[in-house]
Amino acid sequence: MIFMPDITGLTDYVSSQVAAVLFIVMVVMIVRAFISQRWGMFFSSFIFAVVCYVIVSNPGEFESMANAIWNQVKSGGLS
């Protein structure tokens, strides 16, 4: 019988690498927006970078929050 290998270590590694690449891209976008004084893009890129960093750096907490919201939606909606 063939069993699936345990890839939890690999997924942690991949998610941290994706977070690093995303962080570099967002820093470049933030710097470009700051230099050209496009304040809307600056603040939206900054907020997006912070949200992505929080999601990737704390996957367990985000997962529990997402599950709680989904359970509320399935049981009749948020109140």
# chains A, B, ... in the order shown; residues from 1 in each chain; ligands from 1
>>> select_by_dssp(residues="chain A", states="alpha helix (DSSP H)", output="mmCIF file with N, CA and C atoms, in the first residue's frame")
data_model
loop_
_atom_site.group_PDB
_atom_site.id
_atom_site.type_symbol
_atom_site.label_atom_id
_atom_site.label_comp_id
_atom_site.auth_asym_id
_atom_site.auth_seq_id
_atom_site.Cartn_x
_atom_site.Cartn_y
_atom_site.Cartn_z
ATOM 1 N N THR A 8 4.444 18.429 5.691
ATOM 2 C CA THR A 8 4.196 19.640 6.471
ATOM 3 C C THR A 8 5.435 20.516 6.536
ATOM 4 N N GLY A 9 6.611 19.929 6.637
ATOM 5 C CA GLY A 9 7.841 20.720 6.644
ATOM 6 C C GLY A 9 8.052 21.431 5.325
ATOM 7 N N LEU A 10 7.721 20.756 4.241
ATOM 8 C CA LEU A 10 7.862 21.352 2.914
ATOM 9 C C LEU A 10 6.898 22.514 2.727
ATOM 10 N N THR A 11 5.673 22.354 3.192
ATOM 11 C CA THR A 11 4.705 23.438 3.036
ATOM 12 C C THR A 11 5.089 24.649 3.868
ATOM 13 N N ASP A 12 5.645 24.427 5.060
ATOM 14 C CA ASP A 12 6.127 25.559 5.858
ATOM 15 C C ASP A 12 7.256 26.278 5.139
ATOM 16 N N TYR A 13 8.159 25.524 4.549
ATOM 17 C CA TYR A 13 9.279 26.111 3.814
ATOM 18 C C TYR A 13 8.787 26.900 2.602
ATOM 19 N N VAL A 14 7.874 26.312 1.850
ATOM 20 C CA VAL A 14 7.363 26.976 0.647
ATOM 21 C C VAL A 14 6.603 28.243 1.018
ATOM 22 N N SER A 15 5.794 28.192 2.055
ATOM 23 C CA SER A 15 5.038 29.379 2.439
ATOM 24 C C SER A 15 5.958 30.491 2.911
ATOM 25 N N SER A 16 7.048 30.159 3.585
ATOM 26 C CA SER A 16 7.978 31.210 4.005
ATOM 27 C C SER A 16 8.724 31.786 2.807
ATOM 28 N N GLN A 17 9.008 30.954 1.793
ATOM 29 C CA GLN A 17 9.661 31.469 0.587
ATOM 30 C C GLN A 17 8.717 32.358 -0.210
ATOM 31 N N VAL A 18 7.470 31.979 -0.304
ATOM 32 C CA VAL A 18 6.482 32.808 -0.985
ATOM 33 C C VAL A 18 6.320 34.132 -0.249
ATOM 34 N N ALA A 19 6.315 34.084 1.076
ATOM 35 C CA ALA A 19 6.206 35.314 1.860
ATOM 36 C C ALA A 19 7.403 36.224 1.611
ATOM 37 N N ALA A 20 8.590 35.661 1.507
ATOM 38 C CA ALA A 20 9.784 36.474 1.262
ATOM 39 C C ALA A 20 9.721 37.142 -0.102
ATOM 40 N N VAL A 21 9.323 36.395 -1.127
ATOM 41 C CA VAL A 21 9.218 36.969 -2.474
ATOM 42 C C VAL A 21 8.133 38.037 -2.516
ATOM 43 N N LEU A 22 6.992 37.753 -1.908
ATOM 44 C CA LEU A 22 5.905 38.726 -1.870
ATOM 45 C C LEU A 22 6.322 39.986 -1.121
ATOM 46 N N PHE A 23 7.063 39.825 -0.045
ATOM 47 C CA PHE A 23 7.526 40.977 0.716
ATOM 48 C C PHE A 23 8.455 41.853 -0.128
ATOM 49 N N ILE A 24 9.369 41.236 -0.871
ATOM 50 C CA ILE A 24 10.285 41.998 -1.719
ATOM 51 C C ILE A 24 9.517 42.746 -2.807
ATOM 52 N N VAL A 25 8.555 42.071 -3.433
ATOM 53 C CA VAL A 25 7.756 42.722 -4.482
ATOM 54 C C VAL A 25 6.967 43.885 -3.910
ATOM 55 N N MET A 26 6.386 43.696 -2.746
ATOM 56 C CA MET A 26 5.593 44.774 -2.154
ATOM 57 C C MET A 26 6.469 45.949 -1.735
ATOM 58 N N VAL A 27 7.675 45.689 -1.246
ATOM 59 C CA VAL A 27 8.577 46.788 -0.890
ATOM 60 C C VAL A 27 8.946 47.592 -2.133
ATOM 61 N N VAL A 28 9.210 46.908 -3.237
ATOM 62 C CA VAL A 28 9.525 47.614 -4.485
ATOM 63 C C VAL A 28 8.337 48.461 -4.925
ATOM 64 N N MET A 29 7.129 47.908 -4.858
ATOM 65 C CA MET A 29 5.940 48.677 -5.239
ATOM 66 C C MET A 29 5.728 49.874 -4.329
ATOM 67 N N ILE A 30 5.970 49.694 -3.033
ATOM 68 C CA ILE A 30 5.793 50.793 -2.080
ATOM 69 C C ILE A 30 6.800 51.901 -2.350
ATOM 70 N N VAL A 31 8.047 51.540 -2.611
ATOM 71 C CA VAL A 31 9.076 52.546 -2.893
ATOM 72 C C VAL A 31 8.761 53.289 -4.186
ATOM 73 N N ARG A 32 8.345 52.558 -5.228
ATOM 74 C CA ARG A 32 8.006 53.218 -6.492
ATOM 75 C C ARG A 32 6.836 54.181 -6.317
ATOM 76 N N ALA A 33 5.825 53.784 -5.554
ATOM 77 C CA ALA A 33 4.674 54.655 -5.323
ATOM 78 C C ALA A 33 5.071 55.870 -4.498
ATOM 79 N N PHE A 34 5.980 55.687 -3.548
ATOM 80 C CA PHE A 34 6.418 56.818 -2.722
ATOM 81 C C PHE A 34 7.219 57.821 -3.546
ATOM 82 N N ILE A 35 8.109 57.307 -4.398
ATOM 83 C CA ILE A 35 8.937 58.200 -5.208
ATOM 84 C C ILE A 35 8.082 59.002 -6.194
ATOM 85 N N TRP A 39 -0.057 58.479 -3.708
ATOM 86 C CA TRP A 39 -0.341 58.137 -2.322
ATOM 87 C C TRP A 39 -1.391 57.041 -2.199
ATOM 88 N N GLY A 40 -2.342 56.986 -3.123
ATOM 89 C CA GLY A 40 -3.336 55.920 -3.068
ATOM 90 C C GLY A 40 -2.691 54.552 -3.251
ATOM 91 N N MET A 41 -1.800 54.449 -4.246
ATOM 92 C CA MET A 41 -1.103 53.186 -4.464
ATOM 93 C C MET A 41 -0.148 52.885 -3.323
ATOM 94 N N PHE A 42 0.460 53.918 -2.765
ATOM 95 C CA PHE A 42 1.380 53.719 -1.645
ATOM 96 C C PHE A 42 0.664 53.078 -0.463
ATOM 97 N N PHE A 43 -0.457 53.681 -0.045
ATOM 98 C CA PHE A 43 -1.151 53.162 1.131
ATOM 99 C C PHE A 43 -1.819 51.818 0.853
ATOM 100 N N SER A 44 -2.376 51.638 -0.354
ATOM 101 C CA SER A 44 -3.003 50.352 -0.645
ATOM 102 C C SER A 44 -1.958 49.237 -0.723
ATOM 103 N N SER A 45 -0.792 49.512 -1.296
ATOM 104 C CA SER A 45 0.272 48.509 -1.347
ATOM 105 C C SER A 45 0.788 48.196 0.052
ATOM 106 N N PHE A 46 0.914 49.215 0.884
ATOM 107 C CA PHE A 46 1.385 49.015 2.255
ATOM 108 C C PHE A 46 0.408 48.147 3.044
ATOM 109 N N ILE A 47 -0.883 48.451 2.943
ATOM 110 C CA ILE A 47 -1.893 47.674 3.670
ATOM 111 C C ILE A 47 -1.931 46.246 3.152
ATOM 112 N N PHE A 48 -1.854 46.061 1.823
ATOM 113 C CA PHE A 48 -1.858 44.718 1.249
ATOM 114 C C PHE A 48 -0.641 43.928 1.714
ATOM 115 N N ALA A 49 0.519 44.578 1.781
ATOM 116 C CA ALA A 49 1.731 43.900 2.235
ATOM 117 C C ALA A 49 1.598 43.457 3.688
ATOM 118 N N VAL A 50 1.044 44.306 4.531
ATOM 119 C CA VAL A 50 0.871 43.958 5.944
ATOM 120 C C VAL A 50 -0.108 42.797 6.097
ATOM 121 N N VAL A 51 -1.224 42.843 5.362
ATOM 122 C CA VAL A 51 -2.216 41.771 5.452
ATOM 123 C C VAL A 51 -1.619 40.448 4.976
ATOM 124 N N CYS A 52 -0.908 40.469 3.852
ATOM 125 C CA CYS A 52 -0.284 39.235 3.343
ATOM 126 C C CYS A 52 0.753 38.699 4.316
ATOM 127 N N TYR A 53 1.531 39.587 4.921
ATOM 128 C CA TYR A 53 2.540 39.142 5.878
ATOM 129 C C TYR A 53 1.888 38.481 7.093
ATOM 130 N N VAL A 54 0.820 39.079 7.591
ATOM 131 C CA VAL A 54 0.136 38.520 8.759
ATOM 132 C C VAL A 54 -0.462 37.160 8.429
ATOM 133 N N ILE A 55 -1.062 37.016 7.252
ATOM 134 C CA ILE A 55 -1.670 35.742 6.866
ATOM 135 C C ILE A 55 -0.615 34.657 6.726
ATOM 136 N N VAL A 56 0.509 34.977 6.080
ATOM 137 C CA VAL A 56 1.524 33.963 5.834
ATOM 138 C C VAL A 56 2.322 33.643 7.099
ATOM 139 N N SER A 57 2.553 34.633 7.946
ATOM 140 C CA SER A 57 3.366 34.381 9.133
ATOM 141 C C SER A 57 2.585 33.698 10.250
ATOM 142 N N PRO A 59 -0.296 31.247 9.940
ATOM 143 C CA PRO A 59 -1.328 30.492 9.209
ATOM 144 C C PRO A 59 -2.336 29.806 10.113
ATOM 145 N N GLY A 60 -1.923 29.351 11.279
ATOM 146 C CA GLY A 60 -2.845 28.666 12.171
ATOM 147 C C GLY A 60 -3.924 29.576 12.713
ATOM 148 N N GLU A 61 -3.539 30.776 13.102
ATOM 149 C CA GLU A 61 -4.511 31.725 13.638
ATOM 150 C C GLU A 61 -5.467 32.190 12.549
ATOM 151 N N PHE A 62 -4.950 32.402 11.347
ATOM 152 C CA PHE A 62 -5.822 32.802 10.246
ATOM 153 C C PHE A 62 -6.780 31.684 9.881
ATOM 154 N N GLU A 63 -6.290 30.448 9.936
ATOM 155 C CA GLU A 63 -7.142 29.310 9.607
ATOM 156 C C GLU A 63 -8.282 29.184 10.607
ATOM 157 N N SER A 64 -7.996 29.351 11.884
ATOM 158 C CA SER A 64 -9.061 29.238 12.884
ATOM 159 C C SER A 64 -10.072 30.370 12.739
ATOM 160 N N MET A 65 -9.607 31.583 12.405
ATOM 161 C CA MET A 65 -10.530 32.698 12.192
ATOM 162 C C MET A 65 -11.405 32.443 10.957
ATOM 163 N N ALA A 66 -10.790 31.940 9.875
ATOM 164 C CA ALA A 66 -11.551 31.654 8.660
ATOM 165 C C ALA A 66 -12.572 30.550 8.905
ATOM 166 N N ASN A 67 -12.198 29.526 9.671
ATOM 167 C CA ASN A 67 -13.141 28.450 9.996
ATOM 168 C C ASN A 67 -14.298 28.967 10.842
ATOM 169 N N ALA A 68 -14.008 29.851 11.790
ATOM 170 C CA ALA A 68 -15.069 30.409 12.632
ATOM 171 C C ALA A 68 -16.041 31.242 11.806
ATOM 172 N N ILE A 69 -15.520 32.040 10.904
ATOM 173 C CA ILE A 69 -16.397 32.854 10.046
ATOM 174 C C ILE A 69 -17.234 31.959 9.145
ATOM 175 N N TRP A 70 -16.603 30.922 8.553
ATOM 176 C CA TRP A 70 -17.337 30.021 7.677
ATOM 177 C C TRP A 70 -18.429 29.270 8.435
ATOM 178 N N ASN A 71 -18.149 28.846 9.671
ATOM 179 C CA ASN A 71 -19.170 28.159 10.464
ATOM 180 C C ASN A 71 -20.347 29.081 10.772
ATOM 181 N N GLN A 72 -20.058 30.356 11.021
ATOM 182 C CA GLN A 72 -21.135 31.320 11.265
ATOM 183 C C GLN A 72 -21.977 31.521 10.000
ATOM 184 N N VAL A 73 -21.313 31.591 8.857
ATOM 185 C CA VAL A 73 -22.048 31.774 7.597
ATOM 186 C C VAL A 73 -22.929 30.560 7.315
ATOM 187 N N LYS A 74 -22.397 29.345 7.542
ATOM 188 C CA LYS A 74 -23.178 28.129 7.284
ATOM 189 C C LYS A 74 -24.363 28.004 8.238
#
>>> decode(residues="range 43-54 of chain A", atoms="all heavy atoms", output="short mmCIF file (atom, residue, chain, number, x, y, z; two decimals), in the first residue's frame")
data_model
loop_
_atom_site.label_atom_id
_atom_site.label_comp_id
_atom_site.auth_asym_id
_atom_site.auth_seq_id
_atom_site.Cartn_x
_atom_site.Cartn_y
_atom_site.Cartn_z
N PHE A 43 -0.46 53.68 -0.04
CA PHE A 43 -1.15 53.16 1.13
C PHE A 43 -1.82 51.82 0.85
O PHE A 43 -1.83 50.94 1.72
CB PHE A 43 -2.17 54.18 1.65
CG PHE A 43 -1.51 55.35 2.32
CD1 PHE A 43 -1.60 56.62 1.79
CD2 PHE A 43 -0.79 55.18 3.48
CE1 PHE A 43 -0.99 57.69 2.40
CE2 PHE A 43 -0.17 56.24 4.11
CZ PHE A 43 -0.27 57.51 3.57
N SER A 44 -2.38 51.64 -0.35
CA SER A 44 -3.00 50.35 -0.65
C SER A 44 -1.96 49.24 -0.72
O SER A 44 -2.20 48.13 -0.24
CB SER A 44 -3.81 50.43 -1.94
OG SER A 44 -2.96 50.67 -3.04
N SER A 45 -0.79 49.51 -1.30
CA SER A 45 0.27 48.51 -1.35
C SER A 45 0.79 48.20 0.05
O SER A 45 1.08 47.04 0.37
CB SER A 45 1.43 48.98 -2.22
OG SER A 45 1.02 49.14 -3.54
N PHE A 46 0.91 49.21 0.88
CA PHE A 46 1.39 49.02 2.26
C PHE A 46 0.41 48.15 3.04
O PHE A 46 0.81 47.19 3.71
CB PHE A 46 1.58 50.37 2.94
CG PHE A 46 2.10 50.25 4.34
CD1 PHE A 46 3.43 49.96 4.57
CD2 PHE A 46 1.26 50.41 5.42
CE1 PHE A 46 3.92 49.83 5.86
CE2 PHE A 46 1.74 50.28 6.72
CZ PHE A 46 3.07 50.00 6.93
N ILE A 47 -0.88 48.45 2.94
CA ILE A 47 -1.89 47.67 3.67
C ILE A 47 -1.93 46.25 3.15
O ILE A 47 -2.01 45.29 3.93
CB ILE A 47 -3.27 48.36 3.56
CG1 ILE A 47 -3.24 49.66 4.36
CG2 ILE A 47 -4.37 47.45 4.05
CD1 ILE A 47 -4.44 50.54 4.14
N PHE A 48 -1.85 46.06 1.82
CA PHE A 48 -1.86 44.72 1.25
C PHE A 48 -0.64 43.93 1.71
O PHE A 48 -0.74 42.74 2.02
CB PHE A 48 -1.89 44.81 -0.28
CG PHE A 48 -1.98 43.48 -0.96
CD1 PHE A 48 -3.12 42.71 -0.85
CD2 PHE A 48 -0.92 43.00 -1.69
CE1 PHE A 48 -3.22 41.48 -1.48
CE2 PHE A 48 -1.00 41.77 -2.33
CZ PHE A 48 -2.15 41.01 -2.22
N ALA A 49 0.52 44.58 1.78
CA ALA A 49 1.73 43.90 2.23
C ALA A 49 1.60 43.46 3.69
O ALA A 49 1.99 42.35 4.05
CB ALA A 49 2.94 44.81 2.07
N VAL A 50 1.04 44.31 4.53
CA VAL A 50 0.87 43.96 5.94
C VAL A 50 -0.11 42.80 6.10
O VAL A 50 0.15 41.85 6.85
CB VAL A 50 0.41 45.19 6.75
CG1 VAL A 50 -0.05 44.80 8.15
CG2 VAL A 50 1.52 46.22 6.81
N VAL A 51 -1.22 42.84 5.36
CA VAL A 51 -2.22 41.77 5.45
C VAL A 51 -1.62 40.45 4.98
O VAL A 51 -1.79 39.41 5.62
CB VAL A 51 -3.48 42.14 4.65
CG1 VAL A 51 -4.39 40.94 4.47
CG2 VAL A 51 -4.23 43.27 5.32
N CYS A 52 -0.91 40.47 3.85
CA CYS A 52 -0.28 39.23 3.34
C CYS A 52 0.75 38.70 4.32
O CYS A 52 0.84 37.50 4.53
CB CYS A 52 0.35 39.49 1.98
SG CYS A 52 -0.85 39.71 0.68
N TYR A 53 1.53 39.59 4.92
CA TYR A 53 2.54 39.14 5.88
C TYR A 53 1.89 38.48 7.09
O TYR A 53 2.34 37.43 7.56
CB TYR A 53 3.41 40.31 6.32
CG TYR A 53 4.42 39.92 7.35
CD1 TYR A 53 5.55 39.21 6.99
CD2 TYR A 53 4.23 40.23 8.69
CE1 TYR A 53 6.47 38.82 7.94
CE2 TYR A 53 5.14 39.85 9.65
CZ TYR A 53 6.27 39.15 9.26
OH TYR A 53 7.17 38.76 10.22
N VAL A 54 0.82 39.08 7.59
CA VAL A 54 0.14 38.52 8.76
C VAL A 54 -0.46 37.16 8.43
O VAL A 54 -0.35 36.21 9.21
CB VAL A 54 -0.96 39.50 9.26
CG1 VAL A 54 -1.88 38.84 10.26
CG2 VAL A 54 -0.31 40.73 9.87
#
